[in-house]
file target.cif (mmCIF, C-alpha atoms)
data_final
#
loop_
_atom_site.group_PDB
_atom_site.id
_atom_site.type_symbol
_atom_site.label_atom_id
_atom_site.label_comp_id
_atom_site.auth_asym_id
_atom_site.auth_seq_id
_atom_site.Cartn_x
_atom_site.Cartn_y
_atom_site.Cartn_z
ATOM 1 C CA SER A 192 0.000 0.000 0.000
ATOM 2 C CA ALA A 193 3.048 2.283 -0.260
ATOM 3 C CA GLN A 194 2.647 5.536 -2.170
ATOM 4 C CA THR A 195 6.370 6.243 -2.754
ATOM 5 C CA GLN A 196 9.193 3.993 -3.917
ATOM 6 C CA ALA A 197 12.222 3.092 -1.834
ATOM 7 C CA SER A 198 15.142 5.491 -2.383
ATOM 8 C CA GLY A 199 16.813 4.665 -5.715
ATOM 9 C CA TRP A 200 14.395 1.845 -6.496
ATOM 10 C CA THR A 201 13.033 3.393 -9.675
ATOM 11 C CA SER A 202 11.787 1.396 -12.642
ATOM 12 C CA GLY A 203 14.724 -0.325 -14.476
ATOM 13 C CA ALA A 204 17.380 0.929 -12.026
ATOM 14 C CA THR A 205 20.341 -1.174 -10.790
ATOM 15 C CA VAL A 206 20.491 -1.250 -6.996
ATOM 16 C CA SER A 207 22.828 -2.759 -4.414
ATOM 17 C CA VAL A 208 21.345 -5.234 -1.966
ATOM 18 C CA SER A 209 22.644 -6.979 1.124
ATOM 19 C CA THR A 210 21.717 -10.176 2.841
ATOM 20 C CA SER A 211 19.329 -8.213 5.044
ATOM 21 C CA THR A 212 17.483 -6.556 2.132
ATOM 22 C CA THR A 213 13.761 -7.375 2.036
ATOM 23 C CA LYS A 214 13.221 -10.077 -0.585
ATOM 24 C CA THR A 215 9.716 -9.074 -1.775
ATOM 25 C CA TRP A 216 9.206 -5.759 -3.532
ATOM 26 C CA TYR A 217 6.094 -4.231 -5.068
ATOM 27 C CA ALA A 218 5.699 -1.985 -8.095
ATOM 28 C CA ILE A 219 4.312 1.403 -7.037
ATOM 29 C CA THR A 220 2.027 3.100 -9.561
ATOM 30 C CA SER A 221 -0.484 5.932 -9.437
ATOM 31 C CA LYS A 222 -2.999 7.685 -11.647
ATOM 32 C CA LEU A 223 -4.188 11.221 -10.884
ATOM 33 C CA LYS A 224 -7.834 11.900 -11.740
ATOM 34 C CA SER A 225 -8.745 15.586 -11.986
ATOM 35 C CA PHE A 226 -12.374 16.623 -12.413
ATOM 36 C CA THR A 227 -14.017 19.852 -13.561
ATOM 37 C CA PHE A 228 -17.487 20.923 -12.414
ATOM 38 C CA VAL A 229 -19.677 23.315 -14.420
ATOM 39 C CA ALA A 230 -22.429 25.368 -12.739
ATOM 40 C CA ASN A 231 -24.748 24.989 -15.770
ATOM 41 C CA GLY A 232 -27.107 27.775 -14.655
ATOM 42 C CA ALA A 233 -26.775 27.124 -10.923
ATOM 43 C CA THR A 234 -24.186 28.100 -8.309
ATOM 44 C CA ILE A 235 -21.672 25.490 -7.107
ATOM 45 C CA SER A 236 -19.300 25.497 -4.138
ATOM 46 C CA LYS A 237 -16.195 24.535 -6.141
ATOM 47 C CA THR A 238 -15.241 23.952 -9.763
ATOM 48 C CA SER A 239 -12.666 21.163 -9.458
ATOM 49 C CA ALA A 240 -11.616 18.137 -7.422
ATOM 50 C CA SER A 241 -8.988 15.409 -7.760
ATOM 51 C CA CYS A 242 -7.883 12.104 -6.276
ATOM 52 C CA THR A 243 -5.216 9.483 -6.962
ATOM 53 C CA ILE A 244 -5.667 5.793 -7.739
ATOM 54 C CA TRP A 245 -2.739 3.900 -6.188
ATOM 55 C CA ASN A 246 -1.199 0.512 -7.037
ATOM 56 C CA SER A 247 -3.763 -2.319 -7.248
ATOM 57 C CA ALA A 248 -6.690 -0.072 -6.333
ATOM 58 C CA THR A 249 -9.216 0.585 -9.092
ATOM 59 C CA THR A 250 -10.941 3.611 -7.574
ATOM 60 C CA CYS A 251 -10.421 6.717 -5.484
ATOM 61 C CA SER A 252 -12.988 9.084 -3.978
ATOM 62 C CA ILE A 253 -13.899 12.757 -4.372
ATOM 63 C CA THR A 254 -16.429 14.990 -2.641
ATOM 64 C CA LEU A 255 -18.798 16.726 -5.051
ATOM 65 C CA PRO A 256 -19.617 20.436 -4.832
ATOM 66 C CA THR A 257 -22.881 21.579 -3.312
ATOM 67 C CA ILE A 258 -25.405 23.081 -5.724
ATOM 68 C CA THR A 259 -27.695 26.043 -5.025
ATOM 69 C CA ARG A 260 -30.287 27.710 -7.268
ATOM 70 C CA SER A 261 -33.217 29.669 -5.867
ATOM 71 C CA GLY A 262 -36.621 28.316 -6.906
ATOM 72 C CA PHE A 263 -35.146 25.255 -8.606
ATOM 73 C CA THR A 264 -35.039 21.564 -7.704
ATOM 74 C CA ILE A 265 -31.452 20.354 -7.191
ATOM 75 C CA HIS A 266 -30.831 16.957 -8.808
ATOM 76 C CA GLY A 267 -27.035 16.476 -8.732
ATOM 77 C CA PHE A 268 -24.362 16.058 -11.408
ATOM 78 C CA ALA A 269 -24.298 14.433 -14.838
ATOM 79 C CA SER A 270 -21.693 14.138 -17.574
ATOM 80 C CA SER A 271 -23.989 15.921 -20.083
ATOM 81 C CA SER A 272 -25.015 19.565 -19.754
ATOM 82 C CA SER A 273 -28.476 18.765 -21.154
ATOM 83 C CA ALA A 274 -29.223 15.812 -18.859
ATOM 84 C CA SER A 275 -32.556 15.666 -17.017
ATOM 85 C CA SER A 276 -31.331 13.414 -14.182
ATOM 86 C CA GLN A 277 -28.115 13.014 -12.229
ATOM 87 C CA ALA A 278 -25.703 10.092 -12.479
ATOM 88 C CA SER A 279 -26.457 7.435 -9.874
ATOM 89 C CA GLY A 280 -25.127 8.603 -6.501
ATOM 90 C CA TRP A 281 -23.818 11.915 -7.860
ATOM 91 C CA THR A 282 -25.995 14.123 -5.666
ATOM 92 C CA SER A 283 -25.058 17.593 -4.397
ATOM 93 C CA GLY A 284 -22.223 17.360 -1.838
ATOM 94 C CA ALA A 285 -21.956 13.546 -1.987
ATOM 95 C CA THR A 286 -18.696 11.568 -1.800
ATOM 96 C CA VAL A 287 -18.359 9.253 -4.807
ATOM 97 C CA ASN A 288 -15.883 6.651 -6.029
ATOM 98 C CA VAL A 289 -14.329 7.208 -9.438
ATOM 99 C CA ASN A 290 -12.238 4.942 -11.664
ATOM 100 C CA LYS A 291 -9.851 5.384 -14.571
ATOM 101 C CA ASP A 292 -12.750 5.610 -17.053
ATOM 102 C CA THR A 293 -14.913 8.115 -15.158
ATOM 103 C CA ALA A 294 -15.719 11.229 -17.217
ATOM 104 C CA LEU A 295 -13.653 14.270 -16.241
ATOM 105 C CA THR A 296 -16.266 17.040 -16.698
ATOM 106 C CA TRP A 297 -19.523 17.108 -14.748
ATOM 107 C CA TYR A 298 -22.495 19.483 -14.924
ATOM 108 C CA ALA A 299 -24.909 20.585 -12.211
ATOM 109 C CA ILE A 300 -28.463 19.424 -13.016
ATOM 110 C CA THR A 301 -31.363 21.605 -11.830
ATOM 111 C CA SER A 302 -34.992 22.078 -12.854
ATOM 112 C CA LYS A 303 -37.998 24.329 -12.251
ATOM 113 C CA LEU A 304 -41.615 23.374 -12.969
ATOM 114 C CA VAL A 305 -43.652 26.251 -14.431
ATOM 115 C CA THR A 306 -47.472 26.102 -14.436
ATOM 116 C CA VAL A 307 -49.759 28.339 -16.492
ATOM 117 C CA THR A 308 -53.451 28.423 -15.548
ATOM 118 C CA PHE A 309 -56.133 29.313 -18.121
ATOM 119 C CA ASN A 310 -59.503 30.865 -17.258
ATOM 120 C CA SER A 311 -62.337 30.415 -19.773
ATOM 121 C CA ASN A 312 -63.709 33.884 -18.873
ATOM 122 C CA GLY A 313 -67.146 33.253 -20.435
ATOM 123 C CA ALA A 314 -65.910 31.070 -23.290
ATOM 124 C CA THR A 315 -64.981 27.391 -23.577
ATOM 125 C CA ILE A 316 -61.297 26.434 -23.703
ATOM 126 C CA SER A 317 -59.562 23.156 -24.541
ATOM 127 C CA LYS A 318 -57.528 23.007 -21.296
ATOM 128 C CA THR A 319 -57.418 24.864 -18.004
ATOM 129 C CA SER A 320 -53.723 24.467 -17.193
ATOM 130 C CA ASP A 321 -50.435 23.288 -18.616
ATOM 131 C CA ASN A 322 -46.862 23.081 -17.416
ATOM 132 C CA CYS A 323 -43.304 22.867 -18.658
ATOM 133 C CA THR A 324 -39.891 22.440 -17.037
ATOM 134 C CA ILE A 325 -36.889 24.765 -17.177
ATOM 135 C CA TRP A 326 -33.711 22.654 -17.163
ATOM 136 C CA ASN A 327 -30.136 23.581 -16.327
ATOM 137 C CA SER A 328 -28.805 26.690 -18.095
ATOM 138 C CA ALA A 329 -32.150 27.481 -19.745
ATOM 139 C CA THR A 330 -34.096 30.439 -18.324
ATOM 140 C CA THR A 331 -37.501 29.700 -19.905
ATOM 141 C CA CYS A 332 -39.640 26.851 -21.195
ATOM 142 C CA SER A 333 -42.523 26.811 -23.692
ATOM 143 C CA ILE A 334 -46.278 26.239 -23.297
ATOM 144 C CA LYS A 335 -48.959 26.150 -26.016
ATOM 145 C CA SER A 336 -52.169 28.089 -25.359
ATOM 146 C CA PRO A 337 -55.587 26.361 -25.539
ATOM 147 C CA THR A 338 -58.112 26.766 -28.319
ATOM 148 C CA ILE A 339 -61.134 29.005 -27.598
ATOM 149 C CA THR A 340 -64.736 28.382 -28.657
ATOM 150 C CA ARG A 341 -67.767 30.623 -28.054
ATOM 151 C CA SER A 342 -70.735 30.629 -30.370
ATOM 152 C CA GLY A 343 -71.496 34.024 -31.892
ATOM 153 C CA PHE A 344 -68.414 35.660 -30.372
ATOM 154 C CA THR A 345 -65.150 36.802 -31.920
ATOM 155 C CA LYS A 346 -62.065 35.198 -30.381
ATOM 156 C CA VAL A 347 -59.278 37.655 -29.544
ATOM 157 C CA GLY A 348 -56.813 35.421 -27.655
ATOM 158 C CA PHE A 349 -55.505 35.375 -24.076
ATOM 159 C CA ALA A 350 -54.530 38.164 -21.683
ATOM 160 C CA THR A 351 -53.413 38.445 -18.072
ATOM 161 C CA SER A 352 -56.503 40.515 -17.128
ATOM 162 C CA ALA A 353 -60.062 39.159 -17.172
ATOM 163 C CA SER A 354 -61.401 42.534 -18.347
ATOM 164 C CA SER A 355 -58.913 43.020 -21.175
ATOM 165 C CA THR A 356 -60.129 43.964 -24.658
ATOM 166 C CA SER A 357 -56.909 42.908 -26.370
ATOM 167 C CA SER A 358 -54.673 39.874 -26.172
ATOM 168 C CA SER A 359 -50.995 39.289 -25.566
ATOM 169 C CA TRP A 360 -51.123 35.628 -26.613
ATOM 170 C CA SER A 361 -52.979 34.089 -29.541
ATOM 171 C CA GLU A 362 -54.832 30.820 -29.108
ATOM 172 C CA ASN A 363 -53.022 27.560 -29.952
ATOM 173 C CA THR A 364 -49.559 29.165 -30.109
ATOM 174 C CA ASN A 365 -46.384 28.750 -28.061
ATOM 175 C CA LYS A 366 -45.108 31.229 -25.488
ATOM 176 C CA SER A 367 -42.023 31.129 -23.256
ATOM 177 C CA PHE A 368 -42.307 31.381 -19.478
ATOM 178 C CA SER A 369 -39.894 31.754 -16.572
ATOM 179 C CA SER A 370 -42.510 31.595 -13.780
ATOM 180 C CA ASN A 371 -46.121 30.634 -13.074
ATOM 181 C CA ALA A 372 -48.860 32.726 -14.695
ATOM 182 C CA THR A 373 -52.630 32.997 -15.195
ATOM 183 C CA TYR A 374 -54.261 33.908 -18.521
ATOM 184 C CA TYR A 375 -57.883 34.685 -19.456
ATOM 185 C CA ALA A 376 -59.673 33.962 -22.722
ATOM 186 C CA ILE A 377 -60.722 37.208 -24.422
ATOM 187 C CA THR A 378 -63.871 37.211 -26.586
ATOM 188 C CA TYR A 379 -66.462 39.757 -27.689
ATOM 189 C CA LYS A 380 -69.732 40.067 -29.566
ATOM 190 C CA ASP A 381 -71.067 43.069 -31.511
ATOM 191 C CA ILE A 382 -74.681 43.923 -30.715
ATOM 192 C CA THR A 383 -76.667 46.254 -32.994
ATOM 193 C CA ILE A 384 -80.189 47.488 -32.133
ATOM 194 C CA THR A 385 -82.306 48.958 -34.916
ATOM 195 C CA VAL A 386 -85.083 51.407 -33.979
ATOM 196 C CA ASN A 387 -88.215 51.430 -36.147
ATOM 197 C CA GLY A 388 -90.138 54.682 -35.845
ATOM 198 C CA ASN A 389 -93.349 52.811 -36.679
ATOM 199 C CA GLY A 390 -94.853 55.923 -38.224
ATOM 200 C CA ALA A 391 -93.191 58.395 -35.871
ATOM 201 C CA THR A 392 -90.012 60.408 -36.271
ATOM 202 C CA SER A 393 -86.954 59.388 -34.250
ATOM 203 C CA GLY A 394 -83.273 60.228 -34.069
ATOM 204 C CA ALA A 395 -80.616 57.682 -35.008
ATOM 205 C CA ASN A 396 -82.291 54.481 -36.119
ATOM 206 C CA SER A 397 -79.674 52.100 -34.715
ATOM 207 C CA ARG A 398 -77.395 51.670 -31.740
ATOM 208 C CA SER A 399 -74.490 49.256 -31.245
ATOM 209 C CA CYS A 400 -72.376 47.933 -28.399
ATOM 210 C CA GLU A 401 -69.944 45.114 -27.634
ATOM 211 C CA ILE A 402 -70.255 42.348 -25.062
ATOM 212 C CA TRP A 403 -66.803 41.484 -23.727
ATOM 213 C CA ASN A 404 -65.794 38.318 -21.891
ATOM 214 C CA THR A 405 -68.174 37.647 -18.967
ATOM 215 C CA ASP A 406 -70.187 40.889 -19.369
#
call {"tool": "encode", "arguments": {"input": "target.cif", "output": "structure tokens"}}
result
Amino acid sequence: SAQTQASGWTSGATVSVSTSTTKTWYAITSKLKSFTFVANGATISKTSASCTIWNSATTCSITLPTITRSGFTIHGFASSSSASSQASGWTSGATVNVNKDTALTWYAITSKLVTVTFNSNGATISKTSDNCTIWNSATTCSIKSPTITRSGFTKVGFATSASSTSSSWSENTNKSFSSNATYYAITYKDITITVNGNGATSGANSRSCEIWNTD
């Protein structure tokens, strides 16, 4: 289990021995394993670690960095920056065994679930909520809006206010989100009233208005 050779006893050297010299000698070998850690959108406590595999051993151990990221679920480390799960046992701050074939670069894996809620707001919509997940270095994920149906009404789209008369998101299209949100279906109907004087004289013979959303 030695980690240095006896003085002068280097590979291929000629050495002098006496009758009292130990008769069994062991080759001393080592392999340094140096690892790099990438924050990948999170914050990590260190960016490197190393250990040495000695002699007949096949592994050595390292302590992984801790991972922090506000609002995100911390999974651990993986050898791919786009992974959606950590390598087995490679959790934040864990001590793991590595071997000569272990990958040298590891990425922090984090995720955030984003939920968008949809309110029909007087109409009928194809879904009332949907979600997506922000992974790793990404800052947003994408959700598709529902379809809107309402007989006799014009469909405008979706807005963040129930009383809106315009939309910021068309139906059945994708939009990127970084946090939870609520959207309302926006619809309207034109109403025209015609006045018949029925033999009398009146002013304007028609009036119009719009019914919006849940009005």
call {"tool": "residues_around", "arguments": {"input": "target.cif", "residues": "A:Asn246", "least_positions_apart": "6", "cutoff": "6 Å", "atoms": "only C-alpha atoms", "output": "CSV table (one decimal) with C-alpha atoms, in the frame of the given file"}}
result
chain,number,residue,atom,x,y,z
A,219,ILE,CA,4.3,1.4,-7.0
A,220,THR,CA,2.0,3.1,-9.6
A,221,SER,CA,-0.5,5.9,-9.4
call {"tool": "atom_distance", "arguments": {"input": "target.cif", "atom1": "atom CA of A:Thr373", "atom2": "atom CA of A:Cys332"}}
result
15.6 Å
call {"tool": "resolve_selection", "arguments": {"input": "target.cif", "expression": "the PyMOL selection byres ((chain A and resi 253) around 7)", "output": "list in words"}}
result
Ala240, Ser241, Cys242, Ser252, Thr254, Leu255, Thr286, Val287 and Asn288 of chain A
call {"tool": "residues_near_point", "arguments": {"input": "target.cif", "point": "(-11.3, -1.8, -17.0)", "cutoff": "12 Å", "atoms": "all atoms listed in the file", "output": "mmCIF file with C-alpha atoms, keeping the file's coordinate frame"}}
result
data_model
loop_
_atom_site.group_PDB
_atom_site.id
_atom_site.type_symbol
_atom_site.label_atom_id
_atom_site.label_comp_id
_atom_site.auth_asym_id
_atom_site.auth_seq_id
_atom_site.Cartn_x
_atom_site.Cartn_y
_atom_site.Cartn_z
ATOM 1 C CA ALA A 248 -6.690 -0.072 -6.333
ATOM 2 C CA THR A 249 -9.216 0.585 -9.092
ATOM 3 C CA THR A 250 -10.941 3.611 -7.574
ATOM 4 C CA ASN A 290 -12.238 4.942 -11.664
ATOM 5 C CA LYS A 291 -9.851 5.384 -14.571
ATOM 6 C CA ASP A 292 -12.750 5.610 -17.053
ATOM 7 C CA THR A 293 -14.913 8.115 -15.158
#
call {"tool": "residues_near_point", "arguments": {"input": "target.cif", "point": "(-19.1, 19.3, -12.9)", "cutoff": "7 Å", "atoms": "all atoms listed in the file", "output": "compact mmCIF listing (two decimals) with C-alpha atoms, keeping the file's coordinate frame"}}
result
# COMPACT_ATOMS: atom_id res chain seq x y z
CA THR A 227 -14.02 19.85 -13.56
CA PHE A 228 -17.49 20.92 -12.41
CA VAL A 229 -19.68 23.32 -14.42
CA ALA A 230 -22.43 25.37 -12.74
CA THR A 238 -15.24 23.95 -9.76
CA PHE A 268 -24.36 16.06 -11.41
CA THR A 296 -16.27 17.04 -16.70
CA TRP A 297 -19.52 17.11 -14.75
CA TYR A 298 -22.50 19.48 -14.92
CA ALA A 299 -24.91 20.58 -12.21
call {"tool": "axis_aligned_box", "arguments": {"input": "target.cif", "around": "stretch 348-355 of chain A", "padding_each_side": "3 Å", "output": "JSON"}}
result
{"center_x": -57.4, "center_y": 39.2, "center_z": -22.4, "size_x": 14.0, "size_y": 13.6, "size_z": 16.5}
call {"tool": "resolve_selection", "arguments": {"input": "target.cif", "expression": "the PyMOL selection byres ((chain A and resi 196-208) around 12)", "output": "JSON, numbers by chain"}}
result
{"A": [192, 193, 194, 195, 209, 210, 211, 212, 213, 214, 216, 217, 218, 219, 220, 221, 246]}
call {"tool": "closest_residue", "arguments": {"input": "target.cif", "among": "A:Phe349, A:Phe226, A:Phe368, A:Trp326", "to": "A:Ser275", "atoms": "all atoms listed in the file"}}
result
A:Trp326
